[in-house]
Each structure stands twice: as C-alpha cells, then as structure tokens.
Amino acid sequence: MGEKVTLQAEDGQKRWETFVGGRILGSALVVGNLVFVSNLEKKTFALDRRTGRIVWRTDRGKYIPGIATNRFYYFSLNGSLVKYRPRGG
C-alpha cells in the first residue's frame, strides 16, 4: 500500500513503481513530464513520468486532483486552495 505504479499502455507491463509513504488518495494528475499524487498521510509528490523518481514534494496532502498549466499548479490541499509555480516557470 502507498505505491504509485505505472503500466505500459500497449502490454500492461510495469514500467516503474515508487513508494510515497502512505495510502494514495484519489487519482493521479499528469502534467507534461510530471505525475502528481497525494497520500492520506498529508504529503503531495511530483514524480518524473518516465522514471517514477520523486522530483518534488510538500508536507501538505489530501488533495482533490487539481488544475495544472505550464506556469502554475493548483491543488485543494486539506481544505485550502494552494498555488505553486514550477521551477523556471
């Protein structure tokens, strides 16, 4: 429990698997090369879409999948609306 797994669309083979420290809440949000996922233990992660490597995290979790653009990421985290700016964005 608490693992984010990506499967190859063509054949269902596992591409990567990443432990995110707890039970995953809701579905992932994919934006460009990032996969955002939140857990019930109040952490949100951005994973590299190709490798599953954690590239960003925050100690705010329990989000409802948000909206993301190339300039900003918006999440409803623990009852608050939070806006993040990507690095270089």
# chains A, B, ... in the order shown; residues from 1 in each chain; ligands from 1

$ residues_around --residues "Gly32 in chain A" --least-positions-apart "3" --cutoff "9 Å" --atoms "only C-alpha atoms" --output "MDAnalysis selection string"
chainID A and resid 35 49 69:70

$ closest_residue --among "A:Leu47, A:Leu40, A:Ile67, A:Ala28" --to "Trp16 in chain A" --atoms "only C-alpha atoms"
A:Leu47

$ atom_distance --atom1 "CA of Phe72 in chain A" --atom2 "CA of Glu17 in chain A"
26.3 Å

$ closest_residue --among "A:Ser38, A:Asn33, A:Ser76, A:Ser27" --to "Arg53 in chain A" --atoms "only C-alpha atoms"
A:Asn33

$ select_by_dssp --residues "range 28-83 of chain A" --states "strand (DSSP E or B)" --output "ChimeraX atom specification"
/A:28-31,34-39,43-48,54-58,63-68,73-77,80-83

$ closest_residue --among "A:Arg85, A:Lys14, A:Arg71, A:Arg23" --to "Trp56 in chain A" --atoms "only C-alpha atoms"
A:Arg85

$ atom_distance --atom1 "CA of Phe75 in chain A" --atom2 "CA of Gly52 in chain A"
20.5 Å
